[in-house]
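**Student:** My structure is stored as model_25.pdb, with PDB, C-alpha atoms.
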ATOM      1  CA  MET O   1     -30.431 -35.002  42.182
ATOM      2  CA  SER O   2     -28.791 -35.520  38.822
ATOM      3  CA  ILE O   3     -28.804 -38.566  36.567
ATOM      4  CA  TRP O   4     -25.077 -37.947  35.948
ATOM      5  CA  LYS O   5     -24.179 -39.152  39.433
ATOM      6  CA  TYR O   6     -24.650 -42.687  38.041
ATOM      7  CA  ALA O   7     -21.670 -42.044  35.777
ATOM      8  CA  ASN O   8     -19.720 -42.893  38.935
ATOM      9  CA  PRO O   9     -19.179 -46.700  38.715
ATOM     10  CA  VAL O  10     -19.715 -47.209  42.468
ATOM     11  CA  LYS O  11     -23.072 -45.419  42.399
ATOM     12  CA  PHE O  12     -24.042 -47.172  39.165
ATOM     13  CA  LEU O  13     -23.241 -50.598  40.644
ATOM     14  CA  ALA O  14     -25.204 -49.802  43.811
ATOM     15  CA  LEU O  15     -28.267 -48.800  41.772
ATOM     16  CA  SER O  16     -27.805 -51.812  39.485
ATOM     17  CA  ALA O  17     -27.704 -54.181  42.484
ATOM     18  CA  ARG O  18     -30.999 -52.745  43.737
ATOM     19  CA  VAL O  19     -32.765 -52.891  40.347
ATOM     20  CA  GLN O  20     -31.509 -56.265  39.095
ATOM     21  CA  PRO O  21     -33.518 -58.645  41.341
ATOM     22  CA  PHE O  22     -36.773 -56.960  40.263
ATOM     23  CA  ALA O  23     -35.721 -56.842  36.609
ATOM     24  CA  TRP O  24     -34.768 -60.561  36.525
ATOM     25  CA  ALA O  25     -37.967 -61.620  38.326
ATOM     26  CA  ALA O  26     -40.260 -59.430  36.205
ATOM     27  CA  ALA O  27     -38.486 -60.583  33.018
ATOM     28  CA  ALA O  28     -38.978 -64.243  33.943
ATOM     29  CA  ILE O  29     -42.671 -63.657  34.727
ATOM     30  CA  GLY O  30     -43.230 -61.642  31.524
ATOM     31  CA  ILE O  31     -41.515 -64.185  29.285
ATOM     32  CA  ILE O  32     -42.997 -67.310  30.888
ATOM     33  CA  VAL O  33     -46.546 -65.937  31.048
ATOM     34  CA  GLY O  34     -46.349 -64.130  27.686
ATOM     35  CA  LEU O  35     -44.913 -67.074  25.751
ATOM     36  CA  GLY O  36     -46.984 -69.632  27.671
ATOM     37  CA  TRP O  37     -50.203 -67.694  27.033
ATOM     38  CA  GLY O  38     -49.331 -67.123  23.381
ATOM     39  CA  PHE O  39     -48.241 -70.693  22.692
ATOM     40  CA  PHE O  40     -50.848 -72.651  24.661
ATOM     41  CA  ALA O  41     -53.893 -70.419  24.940
ATOM     42  CA  THR O  42     -54.328 -68.444  21.720
ATOM     43  CA  PRO O  43     -56.167 -69.660  18.607
ATOM     44  CA  ASP O  44     -54.666 -70.157  15.152
ATOM     45  CA  ASP O  45     -54.911 -67.311  12.670
ATOM     46  CA  PHE O  46     -57.460 -67.893   9.885
ATOM     47  CA  ARG O  47     -54.798 -67.336   7.208
ATOM     48  CA  GLN O  48     -51.474 -68.171   8.870
ATOM     49  CA  GLY O  49     -52.611 -71.148  10.935
ATOM     50  CA  SER O  50     -50.435 -72.027  13.924
ATOM     51  CA  THR O  51     -47.426 -70.087  12.543
ATOM     52  CA  ILE O  52     -48.984 -67.001  14.169
ATOM     53  CA  LYS O  53     -47.495 -68.349  17.425
ATOM     54  CA  ILE O  54     -44.049 -67.356  16.109
ATOM     55  CA  ILE O  55     -45.152 -63.720  16.547
ATOM     56  CA  TYR O  56     -44.616 -63.967  20.338
ATOM     57  CA  ILE O  57     -40.879 -64.498  19.871
ATOM     58  CA  HIS O  58     -40.212 -62.846  16.505
ATOM     59  CA  VAL O  59     -41.667 -59.403  17.304
ATOM     60  CA  PRO O  60     -40.115 -59.038  20.817
ATOM     61  CA  ALA O  61     -36.709 -60.160  19.491
ATOM     62  CA  ALA O  62     -36.886 -57.672  16.599
ATOM     63  CA  TRP O  63     -38.050 -54.962  19.032
ATOM     64  CA  ILE O  64     -34.985 -55.539  21.231
ATOM     65  CA  ALA O  65     -32.620 -55.860  18.255
ATOM     66  CA  ILE O  66     -33.574 -52.372  17.055
ATOM     67  CA  ASN O  67     -33.961 -50.681  20.435
ATOM     68  CA  ALA O  68     -30.725 -52.152  21.809
ATOM     69  CA  TRP O  69     -28.924 -50.282  19.046
ATOM     70  CA  ILE O  70     -30.825 -47.092  19.906
ATOM     71  CA  MET O  71     -29.778 -47.542  23.556
ATOM     72  CA  MET O  72     -26.175 -48.078  22.382
ATOM     73  CA  LEU O  73     -26.460 -44.906  20.291
ATOM     74  CA  ILE O  74     -27.550 -42.842  23.313
ATOM     75  CA  ALA O  75     -24.791 -44.365  25.491
ATOM     76  CA  SER O  76     -22.221 -43.728  22.733
ATOM     77  CA  LEU O  77     -23.294 -40.097  22.407
ATOM     78  CA  ILE O  78     -22.945 -39.676  26.177
ATOM     79  CA  TRP O  79     -19.428 -41.139  25.931
ATOM     80  CA  LEU O  80     -18.468 -38.877  23.022
ATOM     81  CA  VAL O  81     -19.845 -35.730  24.670
ATOM     82  CA  ARG O  82     -19.291 -36.277  28.407
ATOM     83  CA  ARG O  83     -16.610 -39.034  28.485
ATOM     84  CA  HIS O  84     -18.405 -41.156  31.091
ATOM     85  CA  HIS O  85     -16.809 -44.614  31.055
ATOM     86  CA  VAL O  86     -19.919 -46.353  32.375
ATOM     87  CA  SER O  87     -21.922 -45.267  29.334
ATOM     88  CA  ALA O  88     -19.301 -46.627  26.914
ATOM     89  CA  LEU O  89     -19.199 -49.904  28.861
ATOM     90  CA  ALA O  90     -23.013 -50.112  28.897
ATOM     91  CA  ALA O  91     -23.031 -49.810  25.095
ATOM     92  CA  LYS O  92     -20.380 -52.540  24.877
ATOM     93  CA  ALA O  93     -22.397 -54.736  27.261
ATOM     94  CA  ALA O  94     -25.591 -54.327  25.234
ATOM     95  CA  ALA O  95     -24.110 -55.302  21.859
ATOM     96  CA  PRO O  96     -23.998 -59.130  22.290
ATOM     97  CA  VAL O  97     -27.572 -59.075  23.621
ATOM     98  CA  GLY O  98     -28.672 -57.070  20.588
ATOM     99  CA  LEU O  99     -26.748 -59.425  18.303
ATOM    100  CA  VAL O 100     -28.470 -62.527  19.710
ATOM    101  CA  MET O 101     -31.875 -60.845  19.385
ATOM    102  CA  THR O 102     -31.083 -59.900  15.781
ATOM    103  CA  VAL O 103     -30.176 -63.526  15.021
ATOM    104  CA  ILE O 104     -33.426 -64.682  16.660
ATOM    105  CA  GLY O 105     -35.367 -62.115  14.611
ATOM    106  CA  LEU O 106     -33.719 -63.217  11.364
ATOM    107  CA  VAL O 107     -34.028 -66.976  12.007
ATOM    108  CA  THR O 108     -37.608 -66.941  13.274
ATOM    109  CA  GLY O 109     -38.519 -64.601  10.420
ATOM    110  CA  ALA O 110     -37.070 -67.073   7.910
ATOM    111  CA  VAL O 111     -38.809 -70.032   9.560
ATOM    112  CA  TRP O 112     -42.089 -68.096   9.518
ATOM    113  CA  GLY O 113     -41.570 -66.720   6.002
ATOM    114  CA  GLN O 114     -40.949 -70.083   4.366
ATOM    115  CA  PRO O 115     -44.522 -71.445   4.713
ATOM    116  CA  MET O 116     -46.198 -68.005   4.370
ATOM    117  CA  TRP O 117     -44.201 -66.425   1.528
ATOM    118  CA  GLY O 118     -42.804 -69.599  -0.013
ATOM    119  CA  THR O 119     -39.228 -68.485   0.616
ATOM    120  CA  TRP O 120     -36.789 -68.341   3.527
ATOM    121  CA  TRP O 121     -35.376 -65.025   2.428
ATOM    122  CA  ALA O 122     -36.153 -62.099   0.127
ATOM    123  CA  TRP O 123     -34.195 -58.908  -0.483
ATOM    124  CA  ASP O 124     -37.067 -56.978   1.022
ATOM    125  CA  PRO O 125     -36.263 -53.516   2.504
ATOM    126  CA  ARG O 126     -36.955 -54.525   6.102
ATOM    127  CA  LEU O 127     -35.194 -57.899   5.869
ATOM    128  CA  THR O 128     -32.189 -56.382   4.124
ATOM    129  CA  SER O 129     -31.822 -53.483   6.569
ATOM    130  CA  PHE O 130     -32.137 -56.009   9.411
ATOM    131  CA  LEU O 131     -29.367 -58.138   7.901
ATOM    132  CA  ILE O 132     -27.173 -55.030   7.627
ATOM    133  CA  LEU O 133     -27.962 -54.250  11.280
ATOM    134  CA  PHE O 134     -26.745 -57.777  12.141
ATOM    135  CA  LEU O 135     -23.472 -57.077  10.278
ATOM    136  CA  PHE O 136     -23.113 -53.798  12.185
ATOM    137  CA  TYR O 137     -23.504 -55.666  15.480
ATOM    138  CA  LEU O 138     -20.741 -58.078  14.416
ATOM    139  CA  GLY O 139     -18.505 -55.192  13.338
ATOM    140  CA  TYR O 140     -19.163 -53.281  16.564
ATOM    141  CA  ILE O 141     -18.231 -56.274  18.762
ATOM    142  CA  ALA O 142     -15.186 -57.083  16.625
ATOM    143  CA  LEU O 143     -13.969 -53.470  16.839
ATOM    144  CA  TRP O 144     -14.145 -53.499  20.657
ATOM    145  CA  GLU O 145     -12.078 -56.700  20.662
ATOM    146  CA  ALA O 146      -9.583 -55.473  18.054
ATOM    147  CA  VAL O 147      -8.501 -52.217  19.722
ATOM    148  CA  GLU O 148      -6.366 -52.631  22.826
ATOM    149  CA  ASP O 149      -6.755 -49.194  24.397
ATOM    150  CA  PRO O 150     -10.293 -49.076  25.894
ATOM    151  CA  ASP O 151     -10.791 -45.328  25.378
ATOM    152  CA  THR O 152      -9.764 -45.525  21.727
ATOM    153  CA  ALA O 153     -12.027 -48.552  21.299
ATOM    154  CA  ALA O 154     -14.900 -46.610  22.882
ATOM    155  CA  ASP O 155     -14.289 -43.668  20.513
ATOM    156  CA  LEU O 156     -14.174 -45.828  17.383
ATOM    157  CA  THR O 157     -17.144 -48.005  18.321
ATOM    158  CA  SER O 158     -19.187 -44.909  19.177
ATOM    159  CA  VAL O 159     -18.651 -43.543  15.693
ATOM    160  CA  LEU O 160     -19.551 -46.939  14.200
ATOM    161  CA  CYS O 161     -22.681 -46.913  16.354
ATOM    162  CA  LEU O 162     -23.731 -43.534  14.938
ATOM    163  CA  VAL O 163     -23.425 -44.886  11.387
ATOM    164  CA  GLY O 164     -25.234 -48.133  12.232
ATOM    165  CA  SER O 165     -28.151 -46.186  13.686
ATOM    166  CA  VAL O 166     -29.280 -45.386  10.140
ATOM    167  CA  PHE O 167     -29.890 -49.101   9.577
ATOM    168  CA  ALA O 168     -31.486 -49.612  12.992
ATOM    169  CA  LEU O 169     -33.991 -46.869  12.183
ATOM    170  CA  MET O 170     -34.401 -48.185   8.653
ATOM    171  CA  SER O 171     -35.205 -51.668  10.040
ATOM    172  CA  ARG O 172     -37.937 -50.048  12.085
ATOM    173  CA  TYR O 173     -39.380 -47.694   9.495
ATOM    174  CA  ALA O 174     -38.530 -49.343   6.151
ATOM    175  CA  VAL O 175     -42.054 -50.733   5.851
ATOM    176  CA  LEU O 176     -43.499 -47.217   6.058
ATOM    177  CA  PHE O 177     -41.665 -45.702   3.129
ATOM    178  CA  TRP O 178     -40.953 -48.769   0.952
ATOM    179  CA  SER O 179     -44.169 -50.560   0.244
ATOM    180  CA  GLN O 180     -42.846 -53.086  -2.273
ATOM    181  CA  GLY O 181     -41.463 -55.579   0.276
ATOM    182  CA  LEU O 182     -42.850 -58.941   1.335
ATOM    183  CA  HIS O 183     -42.767 -58.051   5.010
ATOM    184  CA  GLN O 184     -46.050 -56.835   6.479
ATOM    185  CA  GLY O 185     -46.495 -53.403   8.042
ATOM    186  CA  ALA O 186     -46.163 -52.651  11.748
ATOM    187  CA  THR O 187     -47.625 -55.424  13.934
ATOM    188  CA  LEU O 188     -48.625 -53.070  16.727
ATOM    189  CA  SER O 189     -50.431 -49.854  15.962
ATOM    190  CA  LEU O 190     -52.371 -47.224  17.882
ATOM    191  CA  ASP O 191     -54.883 -47.389  15.023
ATOM    192  CA  LYS O 192     -57.420 -50.019  16.082
ATOM    193  CA  GLU O 193     -58.098 -50.961  12.453
ATOM    194  CA  GLU O 194     -54.423 -51.725  11.784
ATOM    195  CA  ASN O 195     -53.539 -53.270  15.138
ATOM    196  CA  ILE O 196     -53.658 -57.046  15.501
ATOM    197  CA  SER O 197     -56.641 -58.632  17.244
ATOM    198  CA  ASP O 198     -56.743 -58.377  21.059
ATOM    199  CA  VAL O 199     -56.485 -62.146  21.414
ATOM    200  CA  PHE O 200     -52.957 -61.996  19.935
ATOM    201  CA  TRP O 201     -52.121 -58.490  21.142
ATOM    202  CA  GLN O 202     -52.351 -59.120  24.895
ATOM    203  CA  PRO O 203     -49.827 -62.006  25.180
ATOM    204  CA  LEU O 204     -47.621 -60.260  22.620
ATOM    205  CA  VAL O 205     -47.392 -57.095  24.716
ATOM    206  CA  LEU O 206     -46.604 -59.204  27.785
ATOM    207  CA  SER O 207     -43.884 -61.035  25.892
ATOM    208  CA  ILE O 208     -42.402 -57.739  24.620
ATOM    209  CA  ALA O 209     -42.368 -56.436  28.208
ATOM    210  CA  GLY O 210     -40.629 -59.645  29.354
ATOM    211  CA  PHE O 211     -37.963 -59.410  26.628
ATOM    212  CA  THR O 212     -37.422 -55.713  27.414
ATOM    213  CA  LEU O 213     -36.926 -56.433  31.116
ATOM    214  CA  LEU O 214     -34.575 -59.311  30.257
ATOM    215  CA  PHE O 215     -32.574 -56.875  28.130
ATOM    216  CA  LEU O 216     -32.454 -54.424  31.047
ATOM    217  CA  ALA O 217     -31.356 -57.113  33.517
ATOM    218  CA  LEU O 218     -28.722 -58.505  31.145
ATOM    219  CA  VAL O 219     -27.301 -55.081  30.303
ATOM    220  CA  LEU O 220     -27.070 -54.112  33.973
ATOM    221  CA  TYR O 221     -25.326 -57.401  34.833
ATOM    222  CA  ARG O 222     -23.014 -57.278  31.818
ATOM    223  CA  THR O 223     -22.120 -53.612  32.450
ATOM    224  CA  GLY O 224     -21.084 -54.681  35.960
ATOM    225  CA  THR O 225     -18.866 -57.307  34.331
ATOM    226  CA  GLU O 226     -17.270 -54.712  32.042
ATOM    227  CA  ILE O 227     -16.646 -52.377  34.987
ATOM    228  CA  ALA O 228     -15.002 -55.259  36.901
ATOM    229  CA  LEU O 229     -12.780 -56.098  33.901
ATOM    230  CA  ARG O 230     -11.752 -52.458  33.494
ATOM    231  CA  ARG O 231     -10.937 -52.074  37.198
ATOM    232  CA  THR O 232      -8.961 -55.355  37.191
ATOM    233  CA  ARG O 233      -6.961 -54.140  34.222
ATOM    234  CA  ALA O 234      -6.191 -50.827  35.969
ATOM    235  CA  LEU O 235      -5.136 -52.608  39.185
ATOM    236  CA  ASN O 236      -2.918 -55.055  37.284
ATOM    237  CA  VAL O 237      -1.193 -52.183  35.474
ATOM    238  CA  ARG O 238      -0.531 -50.533  38.855
ATOM    239  CA  LEU O 239       0.752 -53.826  40.289
ATOM    240  CA  ASP O 240       3.055 -54.364  37.307
ATOM    241  CA  LYS O 241       4.555 -50.906  37.875
ATOM    242  CA  THR O 242       5.216 -51.548  41.566
ATOM    243  CA  THR O 243       6.674 -55.070  41.230
TER     244      THR O 243
ATOM    245  CA  MET Y   1     -51.970 -79.712  27.058
ATOM    246  CA  MET Y   2     -49.892 -79.431  23.871
ATOM    247  CA  PRO Y   3     -51.815 -77.368  21.288
ATOM    248  CA  ASP Y   4     -52.502 -78.890  17.890
ATOM    249  CA  LEU Y   5     -50.038 -77.096  15.608
ATOM    250  CA  GLY Y   6     -51.219 -78.926  12.495
ATOM    251  CA  LYS Y   7     -49.003 -78.959   9.421
ATOM    252  CA  TYR Y   8     -46.810 -76.127  10.750
ATOM    253  CA  ALA Y   9     -45.679 -77.947  13.911
ATOM    254  CA  THR Y  10     -42.064 -78.222  12.694
ATOM    255  CA  GLU Y  11     -41.815 -74.504  11.909
ATOM    256  CA  VAL Y  12     -43.391 -73.345  15.189
ATOM    257  CA  LEU Y  13     -41.481 -75.757  17.432
ATOM    258  CA  SER Y  14     -38.149 -75.106  15.725
ATOM    259  CA  ALA Y  15     -38.656 -71.312  16.037
ATOM    260  CA  TYR Y  16     -39.325 -71.665  19.765
ATOM    261  CA  GLY Y  17     -36.498 -74.175  20.225
ATOM    262  CA  ILE Y  18     -33.916 -72.000  18.476
ATOM    263  CA  THR Y  19     -35.032 -68.893  20.395
ATOM    264  CA  LEU Y  20     -34.978 -70.504  23.828
ATOM    265  CA  GLY Y  21     -31.669 -72.229  23.027
ATOM    266  CA  LEU Y  22     -29.981 -68.976  21.936
ATOM    267  CA  MET Y  23     -31.334 -67.117  24.964
ATOM    268  CA  ALA Y  24     -30.070 -69.857  27.280
ATOM    269  CA  VAL Y  25     -26.597 -69.693  25.678
ATOM    270  CA  LEU Y  26     -26.568 -65.889  26.063
ATOM    271  CA  LEU Y  27     -27.557 -66.151  29.723
ATOM    272  CA  VAL Y  28     -25.039 -68.881  30.575
ATOM    273  CA  LEU Y  29     -22.146 -67.151  28.787
ATOM    274  CA  SER Y  30     -22.995 -63.785  30.379
ATOM    275  CA  ILE Y  31     -23.081 -65.284  33.871
ATOM    276  CA  GLN Y  32     -19.887 -67.323  33.329
ATOM    277  CA  ARG Y  33     -18.008 -64.255  32.063
ATOM    278  CA  GLY Y  34     -19.417 -62.139  34.899
ATOM    279  CA  ARG Y  35     -18.314 -64.598  37.579
ATOM    280  CA  LYS Y  36     -14.837 -64.892  36.076
ATOM    281  CA  ALA Y  37     -14.450 -61.101  35.895
ATOM    282  CA  ARG Y  38     -15.653 -60.566  39.465
ATOM    283  CA  THR Y  39     -13.306 -63.276  40.791
ATOM    284  CA  ALA Y  40     -10.376 -61.726  38.911
ATOM    285  CA  LEU Y  41     -11.236 -58.299  40.361
ATOM    286  CA  ARG Y  42     -11.389 -59.686  43.898
ATOM    287  CA  ARG Y  43      -7.956 -61.293  43.432
ATOM    288  CA  ALA Y  44      -6.468 -58.105  41.984
ATOM    289  CA  GLU Y  45      -7.887 -56.045  44.875
ATOM    290  CA  GLU Y  46      -6.438 -58.489  47.428
ATOM    291  CA  GLU Y  47      -3.093 -58.408  45.654
ATOM    292  CA  THR Y  48      -3.114 -54.620  45.570
ATOM    293  CA  ALA Y  49      -4.031 -54.459  49.251
ATOM    294  CA  ARG Y  50      -1.078 -56.759  50.056
ATOM    295  CA  HIS Y  51       1.219 -54.335  48.268
ATOM    296  CA  GLY Y  52      -0.312 -51.468  50.246
ATOM    297  CA  LYS Y  53      -1.737 -49.672  47.203
ATOM    298  CA  VAL Y  54      -5.538 -49.595  47.426
TER     299      VAL Y  54
END
Render the structure in this file as structure tokens.
**Tutor:**
Amino acid sequence: MSIWKYANPVKFLALSARVQPFAWAAAAIGIIVGLGWGFFATPDDFRQGSTIKIIYIHVPAAWIAINAWIMMLIASLIWLVRRHHVSALAAKAAAPVGLVMTVIGLVTGAVWGQPMWGTWWAWDPRLTSFLILFLFYLGYIALWEAVEDPDTAADLTSVLCLVGSVFALMSRYAVLFWSQGLHQGATLSLDKEENISDVFWQPLVLSIAGFTLLFLALVLYRTGTEIALRRTRALNVRLDKTT
Amino acid sequence: MMPDLGKYATEVLSAYGITLGLMAVLLVLSIQRGRKARTALRRAEEETARHGKV
């Protein structure tokens, strides 16, 4: 059995239809329980007060914003190397989800930063690379819309995706090699000393899992939409030729 | 039931409100676009079948 059989749209849609109900249900459970637990049942932080509750939306949104681009990068590479249409359409389908998560990350970060840092925004390495990632998302979506031929659009957006990956990775790792920023280091760490307290960690991990499953469900559904649009376009072209 | 958010209530509630609002918009728009696309595909397939070119 090969993973490449799912490059066939019919097989991909069949798999997607089987996975989606579980993904939607698990996403809803993860988000409701994770956010509910974090918001209602965790204590305030001794320094940050109740603003610590923003962590349960800010960190999962930032996690998806960065990893959505990484998923788009992998799908784009598959398109460039193997020319599987489903992978190009999956990358296209993921971009608006990643964009919304980037906006959530930026806005909740600003709302959190204002009382903690005394400013809504700073040209900090992580914040700046995240803003550039947001601009790349906008550019990526605009490029898909601007180019009429879908294969050419897939080629051009794939190249843009490769370039944007630098900023996606920088958003993730900027705090490790630039220490002068306002933004704190990694929230989650395998090092027990650096990791946040268990009381915050447990609902946060649940919330991240919920956001990740929501991303999966949305991308599967939206890829199905893109496949339907592409097939409709092909059928209409054929109909135009015959009538 | 509602936790005491103290002096940061506005910040916390607005962060949650904006997030849930944006996620709801994303969900609704995705589903609307999906339904429209699937309906259009069904119509195109029916049309193609009528012209004997499936």
**Student:** Counting all atoms listed in the file, what are the residues of region 70-158 of chain O within 9 Å of region 21-34 of chain Y, and for each of them which pair of atoms is the nearest and at what distance in Å, to one decimal? Sort the table by chain and rising number, as CSV.
**Tutor:**
residue,atom,partner,partner_atom,distance
O:Pro96,CA,Y:Leu26,CA,8.2
O:Val97,CA,Y:Leu26,CA,7.3
O:Val100,CA,Y:Leu22,CA,7.0
O:Met101,CA,Y:Met23,CA,8.4
O:Val103,CA,Y:Leu22,CA,8.8
O:Ile104,CA,Y:Leu22,CA,7.6
**Student:** Carefully work through the PyMOL selection byres ((chain O) within 9 of (chain Y)) for this structure and note down the residues it includes, as a PyMOL selection string.
**Tutor:** chain O and resi 39-41+44+49-54+57-58+61+96-97+100-101+103-105+107-109+111-112+114-115+218+221-222+224-226+228-229+231-233+235-236+238-239+242-243
**Student:** Do you have the CA of Lys92 (chain O)-CA of Leu35 (chain O) distance handy?
**Tutor:**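 Spanning CA of Lys92 (chain O) to CA of Leu35 (chain O) is a straight-line distance of 28.5 Å.
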**Student:** With a distance cut-off of 12 Å and all atoms listed in the file, select the neighbouring residues of Leu156 (chain O), excluding the residue or stretch itself and same-chain residues fewer than 5 positions from it, and output the selection as JSON, numbers by chain.
**Tutor:** {"O": [76, 77, 79, 80, 88, 92, 139, 140, 141, 142, 143, 144, 145, 146, 147, 148, 149, 150, 151, 161, 162, 163]}
**Student:** Is there a way to get, as a PDB file with C-alpha atoms, in the frame of the given file, all residues within 12 Å of the point (-16.4, -40.8, 27.0) in file coordinates, counting only C-alpha atoms?
**Tutor:**
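After the write, selection_0.pdb holds the following:
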ATOM      1  CA  ALA O   7     -21.670 -42.044  35.777  1.00  0.00           C
ATOM      2  CA  ILE O  74     -27.550 -42.842  23.313  1.00  0.00           C
ATOM      3  CA  ALA O  75     -24.791 -44.365  25.491  1.00  0.00           C
ATOM      4  CA  SER O  76     -22.221 -43.728  22.733  1.00  0.00           C
ATOM      5  CA  LEU O  77     -23.294 -40.097  22.407  1.00  0.00           C
ATOM      6  CA  ILE O  78     -22.945 -39.676  26.177  1.00  0.00           C
ATOM      7  CA  TRP O  79     -19.428 -41.139  25.931  1.00  0.00           C
ATOM      8  CA  LEU O  80     -18.468 -38.877  23.022  1.00  0.00           C
ATOM      9  CA  VAL O  81     -19.845 -35.730  24.670  1.00  0.00           C
ATOM     10  CA  ARG O  82     -19.291 -36.277  28.407  1.00  0.00           C
ATOM     11  CA  ARG O  83     -16.610 -39.034  28.485  1.00  0.00           C
ATOM     12  CA  HIS O  84     -18.405 -41.156  31.091  1.00  0.00           C
ATOM     13  CA  HIS O  85     -16.809 -44.614  31.055  1.00  0.00           C
ATOM     14  CA  VAL O  86     -19.919 -46.353  32.375  1.00  0.00           C
ATOM     15  CA  SER O  87     -21.922 -45.267  29.334  1.00  0.00           C
ATOM     16  CA  ALA O  88     -19.301 -46.627  26.914  1.00  0.00           C
ATOM     17  CA  LEU O  89     -19.199 -49.904  28.861  1.00  0.00           C
ATOM     18  CA  ALA O  90     -23.013 -50.112  28.897  1.00  0.00           C
ATOM     19  CA  ALA O  91     -23.031 -49.810  25.095  1.00  0.00           C
ATOM     20  CA  PRO O 150     -10.293 -49.076  25.894  1.00  0.00           C
ATOM     21  CA  ASP O 151     -10.791 -45.328  25.378  1.00  0.00           C
ATOM     22  CA  THR O 152      -9.764 -45.525  21.727  1.00  0.00           C
ATOM     23  CA  ALA O 153     -12.027 -48.552  21.299  1.00  0.00           C
ATOM     24  CA  ALA O 154     -14.900 -46.610  22.882  1.00  0.00           C
ATOM     25  CA  ASP O 155     -14.289 -43.668  20.513  1.00  0.00           C
ATOM     26  CA  LEU O 156     -14.174 -45.828  17.383  1.00  0.00           C
ATOM     27  CA  THR O 157     -17.144 -48.005  18.321  1.00  0.00           C
ATOM     28  CA  SER O 158     -19.187 -44.909  19.177  1.00  0.00           C
ATOM     29  CA  VAL O 159     -18.651 -43.543  15.693  1.00  0.00           C
TER      30      VAL O 159
END
**Student:** If we count only C-alpha atoms, what is near Ser165 (chain O) at a cut-off of 8 Å, once residues fewer than 5 positions away on the same chain are taken out, given as a PyMOL selection string?
**Tutor:** chain O and resi 69-70+73
**Student:** For C-alpha atoms, I'd like the residues from the last selection saved as a CSV table (one decimal), in the coordinates of the input.
**Tutor:**
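Output contents, as saved in out-v1.csv:
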chain,number,residue,atom,x,y,z
O,69,TRP,CA,-28.9,-50.3,19.0
O,70,ILE,CA,-30.8,-47.1,19.9
O,73,LEU,CA,-26.5,-44.9,20.3
**Student:** Draw an axis-aligned box tight on the listed atoms of region 126-141 of chain O, then pad every side by 5 Å and write out centre and edge lengths in Å to one decimal as AutoDock Vina command-line options.
**Tutor:**
--center_x -27.6 --center_y -55.7 --center_z 11.4 --size_x 28.7 --size_y 14.9 --size_z 24.6
**Student:** Which polymer residues have any atom within 12 Å of an atom of Gly210 (chain O), counting only C-alpha atoms, with same-chain residues fewer than 6 positions away left out, as a PyMOL selection string?
**Tutor:** chain O and resi 22-36+56-57+60-61+63-64+203-204+216-217
**Student:** Rounded to one decimal in Å, what is the spacing between CA of Leu169 (chain O) and CA of Ala95 (chain O)?
**Tutor:**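 Between these atoms lies a distance of 16.2 Å.
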**Student:** Would you mind telling me which residue in O:Thr119, O:Thr212, O:Ser2, O:Gln20 lies nearest to Ala62 (chain O) when using all atoms listed in the file?
**Tutor:** O:Thr212
**Student:** Report as a list in words the full result of the PyMOL selection byres ((chain O and resi 10-14) around 9) when it is applied to this structure.
**Tutor:**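 With the PyMOL selection byres ((chain O and resi 10-14) around 9) on this model, the match is Lys5, Tyr6, Ala7, Asn8, Pro9, Leu15, Ser16, Ala17, Arg18, Val19, Val86, Leu220, Thr223, Gly224 and Ile227 of chain O.
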**Student:** Between CA of Leu160 (chain O) and CA of Val219 (chain O), what distance in Å does the model show, to one decimal?
**Tutor:**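 Straight-line distance from CA of Leu160 (chain O) to CA of Val219 (chain O) works out to 19.6 Å.
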